[in-house]
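work.cif follows; it contains mmCIF, C-alpha atoms and all ligand atoms.
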```
data_coords
loop_
_atom_site.label_atom_id
_atom_site.label_comp_id
_atom_site.auth_asym_id
_atom_site.auth_seq_id
_atom_site.Cartn_x
_atom_site.Cartn_y
_atom_site.Cartn_z
CA MET A 11 0.00 0.00 0.00
CA LYS A 12 1.22 3.55 -0.79
CA ILE A 13 -0.22 6.36 1.31
CA PRO A 14 0.88 9.94 0.60
CA PHE A 15 1.24 12.46 3.40
CA ILE A 16 -1.33 14.84 1.87
CA LYS A 17 -3.79 14.94 -0.98
CA PRO A 18 -5.84 18.04 -1.78
CA PHE A 19 -9.59 17.41 -1.72
CA LEU A 20 -10.57 18.72 -5.15
CA GLY A 21 -13.43 17.68 -7.39
CA GLU A 22 -15.42 18.44 -10.51
CA GLU A 23 -16.83 21.65 -9.03
CA GLU A 24 -13.36 23.20 -8.72
CA ILE A 25 -12.53 22.15 -12.29
CA GLU A 26 -15.75 23.66 -13.56
CA ALA A 27 -15.17 26.88 -11.62
CA VAL A 28 -11.70 27.33 -13.16
CA THR A 29 -13.00 26.53 -16.64
CA ASN A 30 -15.72 29.14 -16.23
CA VAL A 31 -13.25 31.87 -15.27
CA LEU A 32 -10.96 30.99 -18.15
CA ARG A 33 -13.91 31.15 -20.53
CA SER A 34 -14.98 34.51 -19.13
CA GLY A 35 -11.57 35.98 -20.01
CA LYS A 36 -11.52 37.90 -16.70
CA ILE A 37 -8.50 36.33 -15.04
CA HIS A 38 -6.85 39.30 -13.30
CA GLY A 39 -6.61 39.67 -9.54
CA ASP A 40 -9.08 41.48 -7.26
CA GLY A 41 -11.76 40.64 -9.81
CA PRO A 42 -15.42 39.68 -9.31
CA ILE A 43 -14.64 36.22 -7.93
CA GLY A 44 -11.89 37.48 -5.65
CA LYS A 45 -14.35 39.99 -4.21
CA LYS A 46 -16.95 37.26 -3.73
CA VAL A 47 -14.40 35.13 -1.87
CA GLU A 48 -13.40 38.07 0.33
CA SER A 49 -17.01 38.64 1.28
CA LYS A 50 -17.37 34.92 2.01
CA LEU A 51 -14.30 35.05 4.27
CA ARG A 52 -15.69 38.06 6.13
CA TYR A 53 -19.04 36.35 6.59
CA LEU A 54 -17.66 32.92 7.54
CA PHE A 55 -15.18 34.13 10.12
CA GLY A 56 -16.81 37.33 11.34
CA SER A 57 -14.05 39.74 10.38
CA LYS A 58 -14.68 43.30 9.16
CA HIS A 59 -12.14 43.04 6.33
CA ALA A 60 -10.54 40.25 4.30
CA LEU A 61 -7.91 40.76 1.62
CA LEU A 62 -6.92 37.84 -0.56
CA THR A 63 -3.20 37.48 -1.23
CA THR A 64 -0.90 35.35 -3.34
CA SER A 65 0.18 33.30 -0.29
CA GLY A 66 0.19 33.09 3.49
CA THR A 67 3.79 34.27 3.30
CA HIS A 68 2.68 37.41 1.48
CA ALA A 69 -0.16 38.02 3.93
CA LEU A 70 2.46 38.06 6.72
CA GLU A 71 4.76 40.39 4.77
CA MET A 72 1.89 42.72 3.96
CA SER A 73 0.83 42.75 7.62
CA LEU A 74 4.17 43.94 8.93
CA MET A 75 4.46 46.53 6.16
CA ALA A 76 0.95 47.78 6.95
CA LEU A 77 1.86 48.10 10.65
CA GLY A 78 4.91 50.19 9.72
CA ILE A 79 7.41 47.72 11.21
CA MET A 80 10.94 48.88 10.48
CA SER A 81 14.61 48.61 11.31
CA GLY A 82 15.27 48.63 15.06
CA ASP A 83 11.90 47.04 15.88
CA GLU A 84 11.70 43.67 17.63
CA ILE A 85 9.01 41.10 16.90
CA ILE A 86 8.40 38.07 19.14
CA LEU A 87 7.55 34.75 17.48
CA PRO A 88 8.13 31.04 18.06
CA SER A 89 11.20 29.40 16.54
CA PHE A 90 9.06 26.33 15.85
CA THR A 91 7.44 27.74 12.70
CA PHE A 92 7.85 28.08 8.96
CA ALA A 93 10.62 30.37 7.65
CA SER A 94 7.94 32.71 6.27
CA THR A 95 7.01 33.98 9.75
CA ALA A 96 10.58 35.13 10.37
CA ASN A 97 11.25 36.27 6.79
CA ALA A 98 8.37 38.74 7.01
CA ILE A 99 10.23 40.38 9.92
CA MET A 100 13.68 40.28 8.29
CA LEU A 101 12.32 41.82 5.09
CA GLN A 102 11.30 44.92 7.07
CA GLY A 103 14.80 45.13 8.55
CA ALA A 104 13.38 44.29 11.99
CA LYS A 105 14.67 41.68 14.46
CA PRO A 106 12.97 38.34 15.15
CA VAL A 107 13.06 37.44 18.86
CA PHE A 108 12.31 33.76 19.34
CA ALA A 109 10.24 32.59 22.30
CA GLU A 110 9.86 29.06 23.65
CA ILE A 111 6.84 26.84 23.00
CA GLU A 112 4.72 24.75 25.35
CA LEU A 113 5.17 20.98 25.23
CA GLY A 114 1.45 20.16 25.20
CA THR A 115 0.35 22.23 22.20
CA LEU A 116 3.68 23.28 20.64
CA ASN A 117 2.36 26.85 20.70
CA ILE A 118 4.26 29.92 21.86
CA ASP A 119 4.51 30.22 25.65
CA PRO A 120 3.10 33.53 26.98
CA ILE A 121 5.40 33.32 30.02
CA ASP A 122 8.42 33.39 27.72
CA ILE A 123 6.88 36.15 25.57
CA LYS A 124 6.60 38.29 28.70
CA LYS A 125 10.29 37.75 29.47
CA LYS A 126 11.26 38.82 25.96
CA ILE A 127 9.29 42.05 25.70
CA THR A 128 11.57 45.11 25.60
CA LYS A 129 11.12 48.81 24.76
CA LYS A 130 11.77 47.88 21.14
CA THR A 131 9.05 45.21 20.87
CA ARG A 132 6.40 46.26 18.34
CA ALA A 133 4.50 43.03 17.73
CA ILE A 134 3.93 39.40 18.69
CA ILE A 135 3.25 36.76 16.05
CA PRO A 136 1.59 33.73 17.67
CA VAL A 137 1.54 30.72 15.34
CA HIS A 138 -1.46 28.40 15.85
CA TYR A 139 0.37 25.13 15.32
CA ALA A 140 -1.73 22.33 13.82
CA GLY A 141 -4.80 24.57 13.94
CA VAL A 142 -4.86 24.61 17.75
CA GLY A 143 -5.20 28.08 19.22
CA CYS A 144 -2.41 29.76 21.17
CA LYS A 145 -3.26 31.20 24.61
CA MET A 146 -4.83 34.25 23.01
CA ASP A 147 -6.27 35.79 26.19
CA ASP A 148 -2.80 35.94 27.75
CA ILE A 149 -1.18 37.14 24.53
CA MET A 150 -3.77 39.87 23.92
CA ALA A 151 -3.45 41.03 27.55
CA LEU A 152 0.35 41.26 27.22
CA ALA A 153 -0.02 43.16 23.95
CA LYS A 154 -2.51 45.61 25.41
CA LYS A 155 -0.41 46.24 28.48
CA ASN A 156 2.71 46.92 26.42
CA ASN A 157 0.97 48.68 23.53
CA ILE A 158 2.14 46.23 20.88
CA PHE A 159 0.43 44.62 17.90
CA VAL A 160 -0.64 40.99 17.54
CA VAL A 161 -0.44 39.38 14.09
CA GLU A 162 -1.83 35.83 14.20
CA ASP A 163 -0.04 33.42 11.91
CA ALA A 164 -3.18 31.38 11.30
CA ALA A 165 -1.74 29.75 8.17
CA GLN A 166 -2.75 26.34 9.53
CA ALA A 167 -5.79 27.46 11.46
CA VAL A 168 -8.57 28.13 8.94
CA CYS A 169 -11.91 27.20 10.55
CA ALA A 170 -10.40 26.58 14.02
CA ARG A 171 -11.61 28.47 17.08
CA TYR A 172 -10.49 29.80 20.45
CA LYS A 173 -13.26 30.41 22.99
CA GLY A 174 -15.76 30.39 20.12
CA ARG A 175 -13.92 32.97 18.00
CA TYR A 176 -12.26 31.99 14.75
CA LEU A 177 -8.48 32.02 14.85
CA GLY A 178 -7.14 34.77 12.63
CA THR A 179 -9.80 37.23 13.85
CA ILE A 180 -8.61 37.83 17.41
CA GLY A 181 -5.39 39.83 16.95
CA ASP A 182 -4.96 43.12 15.06
CA ILE A 183 -4.36 41.05 11.93
CA GLY A 184 -4.74 37.36 11.06
CA CYS A 185 -3.00 35.61 8.17
CA TYR A 186 -4.39 32.51 6.44
CA SER A 187 -2.71 30.18 3.94
CA PHE A 188 -4.46 28.33 1.14
CA HIS A 189 -1.37 26.44 0.01
CA GLU A 190 -1.79 22.90 -1.36
CA THR A 191 -0.85 21.47 2.04
CA LYS A 192 -3.58 23.38 3.90
CA ASN A 193 -7.15 22.27 4.71
CA ILE A 194 -8.73 24.74 2.28
CA THR A 195 -6.62 25.25 -0.80
CA CYS A 196 -6.27 26.89 -4.19
CA GLY A 197 -2.69 25.72 -4.73
CA GLU A 198 -1.03 28.95 -3.60
CA GLY A 199 -2.95 31.67 -1.82
CA GLY A 200 -3.58 33.47 1.43
CA ALA A 201 -5.65 36.13 3.14
CA LEU A 202 -5.16 39.01 5.53
CA MET A 203 -8.00 39.46 8.02
CA THR A 204 -8.49 42.60 10.12
CA ASP A 205 -11.19 44.65 11.82
CA SER A 206 -9.17 47.84 11.45
CA ASP A 207 -10.16 50.20 8.62
CA GLU A 208 -6.74 51.86 8.79
CA ILE A 209 -4.81 48.60 8.45
CA LYS A 210 -7.08 47.44 5.63
CA GLU A 211 -6.56 50.70 3.70
CA ARG A 212 -2.79 50.50 4.04
CA ALA A 213 -2.70 46.79 3.16
CA GLU A 214 -4.82 47.40 0.07
CA ILE A 215 -2.31 49.98 -1.18
CA ILE A 216 0.66 47.71 -0.43
CA ARG A 217 -1.04 44.82 -2.23
CA GLU A 218 -1.43 46.98 -5.36
CA LYS A 219 2.22 48.00 -5.83
CA GLY A 220 1.92 50.99 -3.50
CA THR A 221 -0.85 52.56 -5.58
CA ASN A 222 -4.45 53.53 -4.84
CA ARG A 223 -5.70 51.29 -7.65
CA SER A 224 -8.27 49.57 -5.42
CA ALA A 225 -9.87 52.93 -4.55
CA PHE A 226 -9.78 53.82 -8.26
CA LEU A 227 -11.57 50.57 -9.19
CA ARG A 228 -14.28 51.41 -6.64
CA GLY A 229 -14.67 54.82 -8.29
CA GLU A 230 -13.37 56.69 -5.23
CA VAL A 231 -10.59 58.48 -7.15
CA ASP A 232 -10.53 59.38 -10.85
CA LYS A 233 -7.02 58.02 -11.55
CA TYR A 234 -4.57 55.90 -9.66
CA THR A 235 -0.99 56.67 -8.78
CA TRP A 236 1.99 55.66 -6.67
CA ILE A 237 1.40 56.82 -3.11
CA GLU A 238 3.40 54.45 -0.84
CA LYS A 239 5.94 51.64 -0.76
CA GLY A 240 4.28 48.43 -1.92
CA SER A 241 4.46 45.16 -3.79
CA SER A 242 2.27 42.81 -5.82
CA TYR A 243 0.21 40.52 -3.62
CA VAL A 244 -3.05 40.25 -5.59
CA ASN A 245 -4.07 36.73 -6.54
CA SER A 246 -5.72 35.87 -9.83
CA ASP A 247 -9.42 35.12 -10.14
CA ILE A 248 -8.42 31.71 -11.55
CA LEU A 249 -7.19 30.70 -8.11
CA SER A 250 -9.98 32.55 -6.31
CA ALA A 251 -12.46 30.41 -8.24
CA VAL A 252 -11.00 27.28 -6.66
CA LEU A 253 -11.09 28.89 -3.24
CA ASN A 254 -14.68 29.93 -3.75
CA VAL A 255 -15.71 26.27 -4.07
CA GLN A 256 -13.37 25.06 -1.32
CA LEU A 257 -14.84 27.52 1.19
CA ASP A 258 -18.31 26.14 0.49
CA ARG A 259 -16.92 22.71 1.38
CA MET A 260 -15.05 23.94 4.44
CA LYS A 261 -17.34 22.37 7.04
CA GLU A 262 -17.28 19.01 5.22
CA ILE A 263 -13.50 19.07 4.77
CA THR A 264 -12.92 19.99 8.41
CA ALA A 265 -15.33 17.30 9.67
CA ARG A 266 -13.67 14.60 7.56
CA ARG A 267 -10.21 15.62 8.77
CA LYS A 268 -11.29 15.64 12.40
CA LYS A 269 -12.76 12.16 12.05
CA ILE A 270 -9.37 10.83 10.93
CA TYR A 271 -7.62 12.82 13.67
CA ASP A 272 -9.96 11.32 16.29
CA TYR A 273 -9.39 7.81 14.97
CA TYR A 274 -5.60 8.18 15.24
CA ASN A 275 -5.87 9.80 18.65
CA ASP A 276 -8.22 7.16 20.10
CA SER A 277 -6.27 4.26 18.60
CA LEU A 278 -2.96 5.44 20.07
CA LYS A 279 -4.25 6.63 23.44
CA ASP A 280 -3.13 3.56 25.38
CA LEU A 281 0.45 4.09 24.12
CA ALA A 282 0.33 7.66 25.43
CA GLU A 283 -1.03 6.48 28.78
CA ARG A 284 2.01 4.24 29.12
CA GLU A 285 4.25 7.19 28.04
CA ARG A 286 5.41 5.24 25.05
CA ILE A 287 4.48 8.23 22.89
CA TYR A 288 3.20 11.75 23.60
CA LEU A 289 -0.05 12.86 21.99
CA PRO A 290 -1.07 16.47 21.26
CA GLU A 291 -3.01 18.38 23.88
CA ILE A 292 -6.16 20.19 22.79
CA PRO A 293 -7.05 22.74 25.50
CA PRO A 294 -10.79 22.87 26.32
CA GLU A 295 -11.09 26.43 25.00
CA CYS A 296 -9.81 25.33 21.57
CA GLU A 297 -11.73 23.78 18.71
CA HIS A 298 -9.11 22.52 16.28
CA ASN A 299 -9.52 21.91 12.55
CA GLY A 300 -7.79 18.54 12.13
CA HIS A 301 -4.97 20.14 10.17
CA ILE A 302 -2.14 17.94 11.47
CA PHE A 303 -2.04 14.74 13.46
CA TYR A 304 1.31 14.40 15.16
CA PHE A 305 2.79 12.57 18.10
CA ARG A 306 6.18 12.70 19.75
CA LEU A 307 8.58 9.86 20.48
CA ARG A 308 10.98 9.60 23.40
CA THR A 309 14.19 10.16 21.44
CA GLU A 310 15.48 11.36 18.09
CA GLN A 311 16.72 7.81 17.31
CA GLU A 312 13.25 6.38 17.91
CA ARG A 313 11.75 9.00 15.61
CA TYR A 314 14.34 8.21 12.93
CA HIS A 315 13.60 4.50 13.04
CA CYS A 316 9.84 4.93 13.26
CA MET A 317 9.76 7.23 10.23
CA ALA A 318 12.06 4.99 8.19
CA GLU A 319 10.00 1.89 9.03
CA LEU A 320 6.72 3.58 8.16
CA LYS A 321 8.24 4.77 4.87
CA ASN A 322 9.31 1.16 4.11
CA ARG A 323 5.68 0.17 4.56
CA GLY A 324 4.48 2.84 2.10
CA ILE A 325 3.27 5.33 4.72
CA GLY A 326 4.22 8.94 4.02
CA ALA A 327 4.85 9.93 7.65
CA THR A 328 7.07 12.97 8.06
CA PHE A 329 8.81 15.32 10.52
CA HIS A 330 8.10 19.05 10.74
CA TYR A 331 9.82 22.37 11.38
CA ILE A 332 13.55 22.57 11.84
CA PRO A 333 13.86 25.32 14.50
CA LEU A 334 14.60 28.73 13.04
CA HIS A 335 16.79 29.94 15.91
CA SER A 336 19.34 27.13 15.41
CA SER A 337 19.11 27.08 11.60
CA PRO A 338 22.21 28.27 9.70
CA TYR A 339 20.66 31.72 9.21
CA GLY A 340 19.37 31.96 12.79
CA ARG A 341 22.82 31.20 14.19
CA ARG A 342 24.88 33.28 11.77
CA ARG A 343 22.65 36.31 11.46
CA LEU A 344 20.90 36.42 14.84
CA GLY A 345 23.50 34.75 17.07
CA TYR A 346 21.27 32.04 18.57
CA LYS A 347 22.51 28.69 19.92
CA ALA A 348 20.44 25.50 19.88
CA GLU A 349 20.32 25.35 23.69
CA ASP A 350 18.62 28.77 23.88
CA LEU A 351 15.27 27.04 23.27
CA PRO A 352 15.50 23.45 24.56
CA ILE A 353 11.80 22.53 24.25
CA THR A 354 11.75 23.67 20.62
CA GLU A 355 14.84 21.55 19.90
CA LEU A 356 13.39 18.49 21.63
CA VAL A 357 10.06 18.77 19.81
CA SER A 358 11.67 19.22 16.42
CA LYS A 359 13.79 16.09 16.90
CA THR A 360 11.05 13.81 18.19
CA LEU A 361 7.89 14.79 16.29
CA ILE A 362 6.29 12.71 13.59
CA ARG A 363 3.22 13.57 11.48
CA LEU A 364 0.91 10.93 10.02
CA PRO A 365 -0.81 11.16 6.62
CA LEU A 366 -4.07 13.07 6.86
CA TYR A 367 -6.39 14.06 4.02
CA PRO A 368 -10.20 14.13 3.80
CA GLN A 369 -10.63 11.30 1.30
CA MET A 370 -8.55 8.77 3.27
CA THR A 371 -10.34 5.42 3.49
CA ASN A 372 -10.97 3.47 6.70
CA LYS A 373 -8.74 0.72 5.35
CA LYS A 374 -5.81 3.10 5.00
CA MET A 375 -6.39 4.59 8.46
CA GLU A 376 -6.39 1.11 9.97
CA TYR A 377 -3.27 0.14 8.02
CA ILE A 378 -1.45 3.21 9.34
CA VAL A 379 -2.42 2.63 12.98
CA ASP A 380 -1.58 -1.09 12.81
CA ASN A 381 1.83 -0.29 11.42
CA VAL A 382 2.55 2.49 13.91
CA ARG A 383 1.74 0.08 16.75
CA ASN A 384 3.78 -2.67 15.15
CA VAL A 385 6.82 -0.42 14.58
CA LEU A 386 6.66 1.00 18.11
CA GLY A 387 6.51 -2.52 19.52
CA ARG A 388 9.81 -3.29 17.88
CA LEU A 389 11.67 -0.17 19.00
C1 LIG B 1 2.97 28.57 10.22
C2 LIG B 1 3.03 28.94 8.78
N1 LIG B 1 3.20 30.22 8.44
C3 LIG B 1 3.23 30.61 7.16
C4 LIG B 1 3.14 29.71 6.13
C5 LIG B 1 3.24 30.18 4.73
O1 LIG B 1 2.09 29.99 3.96
P1 LIG B 1 2.20 29.88 2.37
O2 LIG B 1 2.76 28.54 2.04
O3 LIG B 1 0.78 30.06 1.91
O4 LIG B 1 3.06 30.99 1.89
C6 LIG B 1 2.98 28.36 6.44
C7 LIG B 1 2.85 27.35 5.42
O5 LIG B 1 3.20 26.72 4.69
C8 LIG B 1 2.94 27.95 7.79
O6 LIG B 1 2.80 26.66 8.14
#
```

Rewritten as structure tokens:
Amino acid sequence: MKIPFIKPFLGEEEIEAVTNVLRSGKIHGDGPIGKKVESKLRYLFGSKHALLTTSGTHALEMSLMALGIMSGDEIILPSFTFASTANAIMLQGAKPVFAEIELGTLNIDPIDIKKKITKKTRAIIPVHYAGVGCKMDDIMALAKKNNIFVVEDAAQAVCARYKGRYLGTIGDIGCYSFHETKNITCGEGGALMTDSDEIKERAEIIREKGTNRSAFLRGEVDKYTWIEKGSSYVNSDILSAVLNVQLDRMKEITARRKKIYDYYNDSLKDLAERERIYLPEIPPECEHNGHIFYFRLRTEQERYHCMAELKNRGIGATFHYIPLHSSPYGRRRLGYKAEDLPITELVSKTLIRLPLYPQMTNKKMEYIVDNVRNVLGRL
């Protein structure tokens, strides 16, 4: 049996939607379908504004530009994240300050954030790992007290909630990803969510090469011109058409993913009770979206053998983030050492992710669990 790690859940409706846009000849960005998708995002998640972007990476970059982050500013983020979170900071000439994560959820630890706030701190970027919410009440309270922004990296957290509120709509800005690997996808894409009119206006200008083209298209100005520093973050209506269908299927996709997640979790529970493996913690205030099912092993060697054995049996299990602080760039450019964040290092070395996609059959799920149990029994 061969089981890939991911498989996008796409069907005839997505194909038809793309064909229709191509036939219409209107394939530019910020077009009629893009606008429809933005209104769907606002409605679904309860955010005042939604701006579609070319990727989650670009939504993060646009966010920090819109907040006026610049050289000399410090931004706190976890090291256990994708390079994009830190790149967005570096591209503004600001300094990433890495905080430790919590072992249960692998999310940024507010106690460590507090220790790392200085006079130069301008923002915190909590990353909702695996679609499980960070401790947003604590993070928002710290931000308010210190007058700093919160940009949620909700790349993995579409349709997940914290205390009933959708992740990506709690901080000043939230960033979603619609990359092929994400629950809701259009191949490459993202969105910036905010309730602030000011941030939305700035982001809209940045997204359109630093011009007021969006206002022009709405008929608010009679010509458009260069008014700020900007870039090109508008995604084509071809991709928006895919997203438009995927968002209609969001509840179904999320439910299917959570069913698989629950099966893995229930089937491996006894191993966690005996501390043979460590399962993810889902805090009661969090409703996750089944984005990732992971567990941790006791040592790096065990993880190496487990992954290799599962691969031999056709199961596309994989590791995840290599910590940013101890990466070649993190060491050379920012002066970090691996031991600065021991929990992050431990997690990165011992974590394994199992295949998870909505159309996975029961037979494949059972095959995976049987083999995980079998492999662990031999280690
Ligand atoms: C935590 C996190 N942030 C940002 C990104 C970047 O998103 P994208 O691939 O859409 O640029 C990703 C995803 O791949 C991610 O996992």

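The nearest approach to ligand LIG 1 (chain B) among the residues A:Ala165, A:Ala151, A:Met75, A:Ile134, with only C-alpha atoms and all ligand atoms taken into account, belongs to A:Ala165.
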
Legend entry - Contact residues around Phe108 of chain A with all atoms listed in the file at 6 Å, ignoring same-chain residues under 4 positions, as a list of chain:residue names: A:Ile86, A:Leu87, A:Pro88, A:Ser89

Sorted per-residue table, chain A near ligand LIG 1 (chain B), closest atoms and distance, 6 Å, all atoms listed in the file, as a Markdown table:
```
| residue | atom | partner | partner_atom | distance |
| --- | --- | --- | --- | --- |
| A:Ser65 | CA | B:LIG1 | O3 | 4.0 |
| A:Gly66 | CA | B:LIG1 | O3 | 3.5 |
| A:Thr67 | CA | B:LIG1 | O4 | 3.6 |
| A:Thr91 | CA | B:LIG1 | C1 | 5.2 |
| A:Phe92 | CA | B:LIG1 | C2 | 4.9 |
| A:Ser94 | CA | B:LIG1 | C3 | 5.2 |
| A:Thr95 | CA | B:LIG1 | N1 | 5.5 |
| A:Val137 | CA | B:LIG1 | C1 | 5.7 |
| A:Asp163 | CA | B:LIG1 | N1 | 5.7 |
| A:Ala165 | CA | B:LIG1 | C2 | 4.9 |
| A:Gln166 | CA | B:LIG1 | O6 | 5.7 |
| A:Ser187 | CA | B:LIG1 | O3 | 4.0 |
| A:Phe188 | CA | B:LIG1 | O3 | 5.6 |
| A:His189 | CA | B:LIG1 | O3 | 4.6 |
| A:Glu198 | CA | B:LIG1 | O3 | 5.9 |
| A:Gly199 | CA | B:LIG1 | O3 | 5.5 |
| A:Gly200 | CA | B:LIG1 | O3 | 5.6 |
```

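Straight-line separation from atom CA of Gly229 of chain A to atom CA of Ile215 of chain A: 15.1 Å.
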
Inset, instruction - Using all atoms listed in the file, pick whichever of A:Lys261, A:Phe90, A:Tyr243, A:Phe303 has the shortest atom-to-atom distance to Pro352 of chain A. - result: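 Answer, going by the shortest atom-to-atom distance: A:Phe90.
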
Inset, instruction - Have a look at atom CA of Leu74 of chain A and atom CA of Leu51 of chain A and let me know their distance in Å, one decimal. - result: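 Atom CA of Leu74 of chain A sits 21.0 Å away from atom CA of Leu51 of chain A.
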